[in-house]
Amino acid sequence: MRDPYTVLGVARAASADELKKAYRKLAKKLHPDLNPGNKATELQFKEVTAAYELLSDPEKRQRFDRGEIDAAGNEKAPRYSYSQGPGAGAYQQGPRGRSGAPEGFSVEDILSEILGQGFGGGGGFGARSGNFRQRGADTQHVLRIPFLEAALGGKKRVTLPDGRTLDLAIPPGIESGQTLRLKGQGEPGRGGSMAGDAYIEVDVEPHPLFQRKGRDIHVEIPVTLQEAVLGAKIQVPTVHGPVAVQVPRGANTGSILRLKGKGLAAGKGGSGGDQYVKLRVVLPDPPDSELVQFLERWGEKHPYDVRGKLGID
């Protein structure tokens, strides 16, 4: 959250009355009931309200000014100095209202006043009762999942910071950075209003074999010299399980085989992917003496140029 003084547009030495006037002006402009359906304005309103709730509490304001808590009210690591004076922006305290502010300066009273005027004193949102109703805040979380779970999708049990456990549906082919929305699983609302939503950002773990490109899967598979020269049927891993693949005679390092339909499932309005298998010829290690002797004899009778196109000998 930004600096609360900046959010409210007031000086750090602003009085309690100046804070109230600044908040009242912004709340009258940004309140969700006065801007129905405007998500950006709703987020601004929440930020403004959080800033006022912090600064209208004399104790929290002084602790913020001293650097003991951050703009969200969270504890910060203590800072030490050779001298310590009274916190900036301190002011005389009077009787406190429901939010910790001087009586009559609470968020609830200000909003009741605004909305009561805005709706002609009717019985709308907090108009007569003084009850402050506000949708709960949305929450943000990060969920790290294995590559294959992201590729295939399924159910994933997640534990939220408040200890609740939920079964989350992972759609097949989800990528890092994509966000899943859990409706009504955010912060509870105030005054009986609906809860916010929980947004789960997915972080997919890398895989030691598979690489994803769009909805295609790429994998590099080693083959022996005899498999490459003579051809062979080998087992190749895919995200769906191992499959038998025919290595053609004369295959070389860099040869690519396409396994149709073995990539990721089709997304909305798209098509499914394939798997591409890149072959890499691997010689015996350590070198086989019989193979070395054979190649010495064979090479003298069957020379061939593999670097001519590079312009070098």
# chains A, B, ... in the order shown; residues from 1 in each chain; ligands from 1
$ closest_atom_pairs --of "stretch 225-302 of chain A" --to "stretch 203-214 of chain A" --cutoff "9 Å" --atoms "only C-alpha atoms" --output "JSON lines"
{"residue": "A:Pro237", "atom": "CA", "partner": "A:Leu209", "partner_atom": "CA", "distance": 8.7}
{"residue": "A:Thr238", "atom": "CA", "partner": "A:Phe210", "partner_atom": "CA", "distance": 8.2}
{"residue": "A:Val239", "atom": "CA", "partner": "A:Phe210", "partner_atom": "CA", "distance": 8.1}
{"residue": "A:Gly263", "atom": "CA", "partner": "A:Arg212", "partner_atom": "CA", "distance": 8.8}
{"residue": "A:Leu264", "atom": "CA", "partner": "A:Gly214", "partner_atom": "CA", "distance": 8.7}
{"residue": "A:Gly273", "atom": "CA", "partner": "A:Gly214", "partner_atom": "CA", "distance": 7.8}
$ residues_around --residues "A:Tyr23" --least-positions-apart "4" --cutoff "10 Å" --atoms "only C-alpha atoms" --output "ChimeraX atom specification"
/A:7-10,17-19,27-29,45,48-49,51-53,107,110-111
$ write_last_selection --atoms "N, CA and C atoms" --output "PDB file, in the first residue's frame"
ATOM      1  N   VAL A   7      -2.001   8.990  -0.175  1.00  0.00           N
ATOM      2  CA  VAL A   7      -3.299   8.490  -0.612  1.00  0.00           C
ATOM      3  C   VAL A   7      -4.408   9.502  -0.304  1.00  0.00           C
ATOM      4  N   LEU A   8      -4.362  10.094   0.886  1.00  0.00           N
ATOM      5  CA  LEU A   8      -5.393  11.060   1.281  1.00  0.00           C
ATOM      6  C   LEU A   8      -5.096  12.467   0.769  1.00  0.00           C
ATOM      7  N   GLY A   9      -3.862  12.702   0.314  1.00  0.00           N
ATOM      8  CA  GLY A   9      -3.505  14.019  -0.198  1.00  0.00           C
ATOM      9  C   GLY A   9      -3.375  15.073   0.871  1.00  0.00           C
ATOM     10  N   VAL A  10      -2.831  14.689   2.041  1.00  0.00           N
ATOM     11  CA  VAL A  10      -2.669  15.633   3.152  1.00  0.00           C
ATOM     12  C   VAL A  10      -1.206  15.693   3.575  1.00  0.00           C
ATOM     13  N   ASP A  17      -9.052  16.918  12.013  1.00  0.00           N
ATOM     14  CA  ASP A  17     -10.150  17.493  11.246  1.00  0.00           C
ATOM     15  C   ASP A  17      -9.798  17.545   9.764  1.00  0.00           C
ATOM     16  N   GLU A  18      -8.533  17.849   9.452  1.00  0.00           N
ATOM     17  CA  GLU A  18      -8.093  17.874   8.053  1.00  0.00           C
ATOM     18  C   GLU A  18      -8.123  16.468   7.446  1.00  0.00           C
ATOM     19  N   LEU A  19      -7.778  15.476   8.247  1.00  0.00           N
ATOM     20  CA  LEU A  19      -7.863  14.094   7.771  1.00  0.00           C
ATOM     21  C   LEU A  19      -9.312  13.742   7.435  1.00  0.00           C
ATOM     22  N   ALA A  27     -14.125   9.856  -0.223  1.00  0.00           N
ATOM     23  CA  ALA A  27     -15.137   8.811  -0.090  1.00  0.00           C
ATOM     24  C   ALA A  27     -16.408   9.186  -0.848  1.00  0.00           C
ATOM     25  N   LYS A  28     -16.753  10.460  -0.818  1.00  0.00           N
ATOM     26  CA  LYS A  28     -17.953  10.918  -1.537  1.00  0.00           C
ATOM     27  C   LYS A  28     -17.784  10.733  -3.040  1.00  0.00           C
ATOM     28  N   LYS A  29     -16.540  10.808  -3.499  1.00  0.00           N
ATOM     29  CA  LYS A  29     -16.252  10.652  -4.930  1.00  0.00           C
ATOM     30  C   LYS A  29     -16.113   9.186  -5.333  1.00  0.00           C
ATOM     31  N   PHE A  45     -11.294   3.285  -3.469  1.00  0.00           N
ATOM     32  CA  PHE A  45     -12.039   3.532  -2.235  1.00  0.00           C
ATOM     33  C   PHE A  45     -11.472   2.709  -1.075  1.00  0.00           C
ATOM     34  N   VAL A  48      -8.192   4.288   0.059  1.00  0.00           N
ATOM     35  CA  VAL A  48      -8.442   5.534   0.800  1.00  0.00           C
ATOM     36  C   VAL A  48      -8.963   5.221   2.202  1.00  0.00           C
ATOM     37  N   THR A  49      -9.897   4.261   2.299  1.00  0.00           N
ATOM     38  CA  THR A  49     -10.456   3.904   3.603  1.00  0.00           C
ATOM     39  C   THR A  49      -9.394   3.319   4.522  1.00  0.00           C
ATOM     40  N   ALA A  51      -6.215   3.916   4.415  1.00  0.00           N
ATOM     41  CA  ALA A  51      -5.309   5.003   4.810  1.00  0.00           C
ATOM     42  C   ALA A  51      -5.921   5.827   5.939  1.00  0.00           C
ATOM     43  N   TYR A  52      -7.211   6.138   5.828  1.00  0.00           N
ATOM     44  CA  TYR A  52      -7.855   6.936   6.874  1.00  0.00           C
ATOM     45  C   TYR A  52      -7.960   6.159   8.183  1.00  0.00           C
ATOM     46  N   GLU A  53      -8.267   4.860   8.097  1.00  0.00           N
ATOM     47  CA  GLU A  53      -8.382   4.062   9.315  1.00  0.00           C
ATOM     48  C   GLU A  53      -7.058   4.031  10.070  1.00  0.00           C
ATOM     49  N   VAL A 107     -14.880   6.078  10.338  1.00  0.00           N
ATOM     50  CA  VAL A 107     -15.224   5.758   8.954  1.00  0.00           C
ATOM     51  C   VAL A 107     -16.724   5.555   8.817  1.00  0.00           C
ATOM     52  N   ILE A 110     -18.682   8.859   8.976  1.00  0.00           N
ATOM     53  CA  ILE A 110     -18.464   9.686   7.780  1.00  0.00           C
ATOM     54  C   ILE A 110     -19.235   9.128   6.599  1.00  0.00           C
ATOM     55  N   LEU A 111     -19.165   7.794   6.401  1.00  0.00           N
ATOM     56  CA  LEU A 111     -19.871   7.181   5.279  1.00  0.00           C
ATOM     57  C   LEU A 111     -21.373   7.270   5.462  1.00  0.00           C
TER      58      LEU A 111
END
$ closest_residue --among "A:Leu259, A:Pro171, A:Gln185, A:Glu47" --to "A:Thr159" --atoms "only C-alpha atoms"
A:Gln185
$ residues_around --residues "A:Thr41" --least-positions-apart "6" --cutoff "8 Å" --atoms "only C-alpha atoms" --output "list in words"
Leu30, His31, Pro32 and Asn35 of chain A
$ closest_residue --among "A:Leu257, A:Ala13, A:Leu279, A:Ala50" --to "A:Val223" --atoms "only C-alpha atoms"
A:Leu279
$ atom_distance --atom1 "atom CA of A:Lys76" --atom2 "atom CA of A:Leu26"
28.3 Å
$ residues_around --residues "A:Leu152" --least-positions-apart "2" --cutoff "12 Å" --atoms "only C-alpha atoms" --output "list in words"
Ile145, Pro146, Phe147, Leu148, Glu149, Ala150, Gly154, Lys155, Lys156, Ala169, Ile170, Pro171, Pro172, Gly173, Ile174, Glu175, Arg215, Thr238, Val239, His240, Gly241, Lys262, Gly263, Leu264, Ala265, Ala266 and Gly267 of chain A
$ residues_around --residues "A:Lys233" --least-positions-apart "6" --cutoff "6 Å" --atoms "only C-alpha atoms" --output "PDB file with all heavy atoms, in the first residue's frame"
ATOM      1  N   VAL A 245       8.231 -45.579 -29.831  1.00  0.00           N
ATOM      2  CA  VAL A 245       8.540 -44.734 -30.986  1.00  0.00           C
ATOM      3  C   VAL A 245       9.569 -45.441 -31.859  1.00  0.00           C
ATOM      4  O   VAL A 245      10.538 -46.022 -31.342  1.00  0.00           O
ATOM      5  CB  VAL A 245       9.083 -43.357 -30.529  1.00  0.00           C
ATOM      6  CG1 VAL A 245       9.558 -42.534 -31.714  1.00  0.00           C
ATOM      7  CG2 VAL A 245       8.022 -42.601 -29.752  1.00  0.00           C
ATOM      8  N   GLN A 246       9.375 -45.361 -33.168  1.00  0.00           N
ATOM      9  CA  GLN A 246      10.308 -45.975 -34.105  1.00  0.00           C
ATOM     10  C   GLN A 246      11.366 -44.954 -34.512  1.00  0.00           C
ATOM     11  O   GLN A 246      11.053 -43.913 -35.096  1.00  0.00           O
ATOM     12  CB  GLN A 246       9.569 -46.473 -35.353  1.00  0.00           C
ATOM     13  CG  GLN A 246      10.454 -47.129 -36.392  1.00  0.00           C
ATOM     14  CD  GLN A 246      11.083 -48.431 -35.884  1.00  0.00           C
ATOM     15  OE1 GLN A 246      10.399 -49.250 -35.274  1.00  0.00           O
ATOM     16  NE2 GLN A 246      12.367 -48.619 -36.138  1.00  0.00           N
ATOM     17  N   VAL A 247      12.633 -45.261 -34.201  1.00  0.00           N
ATOM     18  CA  VAL A 247      13.754 -44.447 -34.671  1.00  0.00           C
ATOM     19  C   VAL A 247      14.095 -44.915 -36.075  1.00  0.00           C
ATOM     20  O   VAL A 247      14.400 -46.101 -36.282  1.00  0.00           O
ATOM     21  CB  VAL A 247      14.972 -44.585 -33.745  1.00  0.00           C
ATOM     22  CG1 VAL A 247      16.154 -43.790 -34.290  1.00  0.00           C
ATOM     23  CG2 VAL A 247      14.620 -44.125 -32.332  1.00  0.00           C
TER      24      VAL A 247
END
